[in-house]
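*Asks:* Structure below; questions to follow.
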Amino acid sequence: MTNHLELSLVIPVYNEQDNLRKLMQEIDSALEPINVPYEVIFVDDGSKDSSLTVLKDISSAYPKARYISFAENRGQSAAFCAGFDEARAPRVATMDADLQNDPADLPGMLNLYNEGHTMTIGWRQKRKDVWIKRIGSKIANAIRNRLTNETVQDTGCSLKIMDTDMVRSIPRFNGMHRFLPTLMKMQGASVAEMKVNHRPRYEGESKYGTLDRAIAGGYDLLGVRWLLGRHFSYSVKERSGDE
């Protein structure tokens with residue numbers, strides 16, 4: 001990792017050409033005043049629009065921004081993991097590219113992280129999505145918490161800050177981004193939540209329907225429940241050469 005960087009911001013991108021420039025401007029406005037050395041890693045997940053062209057322009061205009069581009073669409077979990085692997089700072093933040101997450105919340109989440117946690121996550125208490133998406137998310141979150149023994153208010157919020165080495169160690173699979181708090185706790189993470197702003201989508205459209213999310217999430221939940229039941233940890237009492 002590069003010592004002078006303190007935060008790597010990872011942002012998956014899929015057909016978000018109209019939101020990217022404003023997003024980068026908002027990130028810059030939020031983080032520059034607090035003097036936190038940071039980088040932004042955009043991961044183009046095989047976009048069909050002009051997102052990649054826009055990302056090239058952004059990386060030229062902002063030295064702190066760079067991008068990687070997949071040869072084909074691989075999904076949000078793969079995009080997050082590619083960004084984690086590219087990160088050069090000890091802390092990694094995640095957010096969506098659709099402008100519904102507010103970069104202005106990043107300083108507060110960093111302050112909470114610095115209180116001694118290894119993961120801070122956003123809680124979209126007042127979501128600005130359509131009603132069926134809000135209800136579906138609440139039901140899914142309740143079921144997810146019940147089966148994984150969690151108490152997280154909003155595990156689906158992409159706005160998160162995590163220890164980079166720790167998040168690189170979690171199991172990787174399609175849909176893993178929906179279970180990051182649980183997977184991080186399996187690595188020993190201390191998780192804290194913060195209420196964050198949530199905004200309506202102004203440009204583009206949601207990439208996943210409510211039914212798609214429910215089917216995929218239910219399938220993944222069974223796998224995570226199995227992981228929890230089979231997970232183990234250990235501590236070393238002593239080893240040869242310690243004398």
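Chain lettering (A, B, ...) mirrors the order of the structure tokens, residue numbering begins at 1 for each chain separately, and ligand numbering begins at 1 in order of display.
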Near Leu20 of chain A, counting only C-alpha atoms, which residues have an atom at most 10 Å away, once you skip same-chain residues fewer than 5 positions from it, shown as number ranges by chain?
*Replies:* A: 13, 15, 25-26, 42, 51, 54-55, 58, 97-99
*Asks:* Just C-alpha atoms for this one: save the residues we selected as a PDB file, in the first residue's frame.
*Replies:*
```pdb
ATOM      1  CA  VAL A  13     -19.951   1.682 -12.643  1.00  0.00           C
ATOM      2  CA  ASN A  15     -24.115   2.543 -17.541  1.00  0.00           C
ATOM      3  CA  GLN A  25     -17.011  16.778  -8.221  1.00  0.00           C
ATOM      4  CA  GLU A  26     -19.005  15.963  -5.078  1.00  0.00           C
ATOM      5  CA  PHE A  42     -13.840   3.574 -10.668  1.00  0.00           C
ATOM      6  CA  SER A  51     -19.239   5.526 -19.119  1.00  0.00           C
ATOM      7  CA  VAL A  54     -16.284   9.683 -19.261  1.00  0.00           C
ATOM      8  CA  LEU A  55     -14.035   7.813 -16.808  1.00  0.00           C
ATOM      9  CA  ILE A  58     -12.225  12.153 -15.261  1.00  0.00           C
ATOM     10  CA  ALA A  97     -22.235   5.630  -8.933  1.00  0.00           C
ATOM     11  CA  ASP A  98     -25.880   6.705  -9.269  1.00  0.00           C
ATOM     12  CA  LEU A  99     -25.621   9.774  -6.967  1.00  0.00           C
TER      13      LEU A  99
END
```
*Asks:* Which one of A:Val36, A:Arg201, A:Ser190, A:Arg88 sits closest to Asn111 of chain A if you count only C-alpha atoms?
*Replies:*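 Comparing A:Val36, A:Arg201, A:Ser190, A:Arg88 against Asn111 of chain A, the winner is A:Val36.
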*Asks:* For each of A:Asp85, A:Asp45, A:Glu203, A:Glu115, take the minimum atom-to-atom distance to Leu23 of chain A, counting only C-alpha atoms, then give the residue where this is smallest.
*Replies:* A:Glu203
*Asks:* Just the residues within 8 Å of Ser158 of chain A, please, counting only C-alpha atoms, with nothing from its chain fewer than 5 positions along; format it as a list of chain:residue names.
*Replies:*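 Skipping anything fewer than 5 positions along the chain leaves A:Thr94, A:Met95, A:Asp96, A:Asn101, A:Ile121, A:Gly122.
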*Asks:* For the selection just defined, write its residues with N, CA, C and O atoms to a file, as a PDB file, in the first residue's frame.
*Replies:*
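As a result, again.pdb now contains:
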```
ATOM      1  N   THR A  94     -16.712   2.441  -0.024  1.00  0.00           N
ATOM      2  CA  THR A  94     -17.498   2.034  -1.190  1.00  0.00           C
ATOM      3  C   THR A  94     -18.741   2.909  -1.294  1.00  0.00           C
ATOM      4  O   THR A  94     -19.276   3.376  -0.285  1.00  0.00           O
ATOM      5  N   MET A  95     -19.189   3.111  -2.518  1.00  0.00           N
ATOM      6  CA  MET A  95     -20.446   3.806  -2.749  1.00  0.00           C
ATOM      7  C   MET A  95     -20.910   3.512  -4.162  1.00  0.00           C
ATOM      8  O   MET A  95     -20.141   3.041  -5.006  1.00  0.00           O
ATOM      9  N   ASP A  96     -22.191   3.785  -4.436  1.00  0.00           N
ATOM     10  CA  ASP A  96     -22.751   3.594  -5.767  1.00  0.00           C
ATOM     11  C   ASP A  96     -22.408   4.782  -6.662  1.00  0.00           C
ATOM     12  O   ASP A  96     -22.088   5.874  -6.179  1.00  0.00           O
ATOM     13  N   ASN A 101     -26.194   7.812  -3.071  1.00  0.00           N
ATOM     14  CA  ASN A 101     -25.333   7.987  -1.906  1.00  0.00           C
ATOM     15  C   ASN A 101     -24.752   9.392  -1.957  1.00  0.00           C
ATOM     16  O   ASN A 101     -24.431   9.908  -3.031  1.00  0.00           O
ATOM     17  N   ILE A 121     -20.801   1.697   8.415  1.00  0.00           N
ATOM     18  CA  ILE A 121     -21.761   1.507   7.328  1.00  0.00           C
ATOM     19  C   ILE A 121     -22.876   2.537   7.431  1.00  0.00           C
ATOM     20  O   ILE A 121     -23.254   2.970   8.520  1.00  0.00           O
ATOM     21  N   GLY A 122     -23.388   2.937   6.274  1.00  0.00           N
ATOM     22  CA  GLY A 122     -24.464   3.904   6.236  1.00  0.00           C
ATOM     23  C   GLY A 122     -25.820   3.273   6.504  1.00  0.00           C
ATOM     24  O   GLY A 122     -26.062   2.116   6.190  1.00  0.00           O
TER      25      GLY A 122
END
```
*Asks:* Under the rule that only C-alpha atoms are counted, which of A:Asp165, A:Asp102, A:Asp49, A:Asp44 is the nearest residue to Glu72 of chain A?
*Replies:*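 Nearest to Glu72 of chain A: A:Asp44.
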*Asks:* Between A:Val40, A:Leu183, A:Met162, A:Cys157, which one has atoms that come closest to Val92 of chain A, using only C-alpha atoms?
*Replies:*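 Ranked by minimum distance to Val92 of chain A, first place goes to A:Met162.
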*Asks:* Would you pick out the contacts of segment 191-198 of chain A at 8 Å or less, using only C-alpha atoms, so that residues sharing its chain but fewer than 5 positions from it are not included, and give the list as a PyMOL selection string?
*Replies:* chain A and resi 100-102+105+109+112-113+117-128+152-153+181+185
*Asks:* Store the residues picked out above, limited to N, CA and C atoms, as a compact mmCIF listing (two decimals), in the first residue's frame.
*Replies:*
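Result file follows (selection00.txt):
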```txt
# COMPACT_ATOMS: atom_id res chain seq x y z
N GLN A 100 -27.18 8.48 -5.59
CA GLN A 100 -28.12 8.36 -4.47
C GLN A 100 -27.39 8.38 -3.14
N ASN A 101 -26.19 7.81 -3.07
CA ASN A 101 -25.33 7.99 -1.91
C ASN A 101 -24.75 9.39 -1.96
N ASP A 102 -24.59 10.02 -0.79
CA ASP A 102 -24.11 11.40 -0.72
C ASP A 102 -22.66 11.42 -0.23
N ASP A 105 -21.40 12.59 3.29
CA ASP A 105 -21.43 11.77 4.50
C ASP A 105 -20.08 11.13 4.82
N MET A 109 -18.46 9.55 8.47
CA MET A 109 -18.20 8.11 8.57
C MET A 109 -16.74 7.84 8.90
N LEU A 112 -16.31 8.39 12.62
CA LEU A 112 -16.82 7.23 13.36
C LEU A 112 -15.85 6.07 13.27
N TYR A 113 -15.30 5.83 12.09
CA TYR A 113 -14.31 4.78 11.91
C TYR A 113 -13.11 5.00 12.83
N HIS A 117 -13.25 1.58 15.20
CA HIS A 117 -13.95 0.53 14.46
C HIS A 117 -13.13 0.11 13.23
N THR A 118 -13.44 -1.05 12.69
CA THR A 118 -12.80 -1.50 11.46
C THR A 118 -13.79 -1.54 10.31
N MET A 119 -15.03 -1.09 10.58
CA MET A 119 -16.02 -0.95 9.52
C MET A 119 -17.10 0.02 9.97
N THR A 120 -17.43 0.99 9.12
CA THR A 120 -18.59 1.85 9.37
C THR A 120 -19.51 1.74 8.16
N ILE A 121 -20.80 1.70 8.41
CA ILE A 121 -21.76 1.51 7.33
C ILE A 121 -22.88 2.54 7.43
N GLY A 122 -23.39 2.94 6.27
CA GLY A 122 -24.46 3.90 6.24
C GLY A 122 -25.82 3.27 6.50
N TRP A 123 -26.70 4.06 7.09
CA TRP A 123 -28.08 3.65 7.35
C TRP A 123 -28.99 4.68 6.68
N ARG A 124 -29.62 4.25 5.57
CA ARG A 124 -30.51 5.14 4.83
C ARG A 124 -31.88 5.15 5.51
N GLN A 125 -31.98 5.92 6.57
CA GLN A 125 -33.22 5.92 7.35
C GLN A 125 -34.39 6.47 6.54
N LYS A 126 -34.13 7.44 5.68
CA LYS A 126 -35.18 8.03 4.84
C LYS A 126 -34.82 7.78 3.38
N ARG A 127 -35.15 6.60 2.89
CA ARG A 127 -34.82 6.24 1.52
C ARG A 127 -35.70 6.97 0.52
N LYS A 128 -35.11 7.30 -0.63
CA LYS A 128 -35.81 8.04 -1.67
C LYS A 128 -36.13 7.15 -2.88
N VAL A 152 -28.03 -5.25 11.97
CA VAL A 152 -27.72 -4.14 11.09
C VAL A 152 -29.00 -3.54 10.52
N GLN A 153 -29.13 -2.22 10.57
CA GLN A 153 -30.34 -1.56 10.10
C GLN A 153 -30.47 -1.56 8.58
N PRO A 181 -21.27 -6.59 6.13
CA PRO A 181 -21.10 -6.52 7.59
C PRO A 181 -20.92 -7.89 8.24
N LYS A 185 -17.51 -9.21 10.06
CA LYS A 185 -17.52 -9.66 11.45
C LYS A 185 -16.89 -11.03 11.59
```
*Asks:* Quick one: pull the distance between atom CA of Arg74 of chain A and atom CA of Glu16 of chain A, Å, one decimal.
*Replies:* 15.8 Å
*Asks:* Grab the atom CA of Ala71 of chain A to atom CA of Met24 of chain A distance for me, in Å with one decimal place.
*Replies:*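 Value for the atom CA of Ala71 of chain A-atom CA of Met24 of chain A distance: 23.3 Å.
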*Asks:* With distances taken over only C-alpha atoms, which residue among A:Ser8, A:Asn114, A:Ser50, A:Gln187 lies nearest Tyr38 of chain A?
*Replies:*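 For Tyr38 of chain A, the nearest of the given residues is A:Ser8.
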*Asks:* With only C-alpha atoms as the basis for distance, which of A:Ala93, A:Glu39, A:Asn19, A:Val10 is at the shortest distance from Tyr62 of chain A?
*Replies:* A:Glu39
*Asks:* Can you tell me, as a VMD selection string, which residues in segment 17-115 of chain A count as alpha helix (DSSP H) by DSSP?
*Replies:* chain A and resid 20 to 31 51 to 61 76 to 86 106 to 113
*Asks:* Run DSSP on the backbone and give me the residues of segment 70-121 of chain A it puts in strand (DSSP E), as a ChimeraX atom specification.
*Replies:* /A:91-94,119-121
*Asks:* What's the 10 Å shell around Arg172 of chain A, counting only C-alpha atoms, without same-chain residues fewer than 2 positions away, as a list of chain:residue names?
*Replies:*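 Near neighbours after the sequence-gap exclusion: A:Ser77, A:Ala78, A:Cys81, A:Val167, A:Arg168, A:Ser169, A:Ile170, A:Asn174, A:Gly175, A:Met176, A:His177, A:Leu183.
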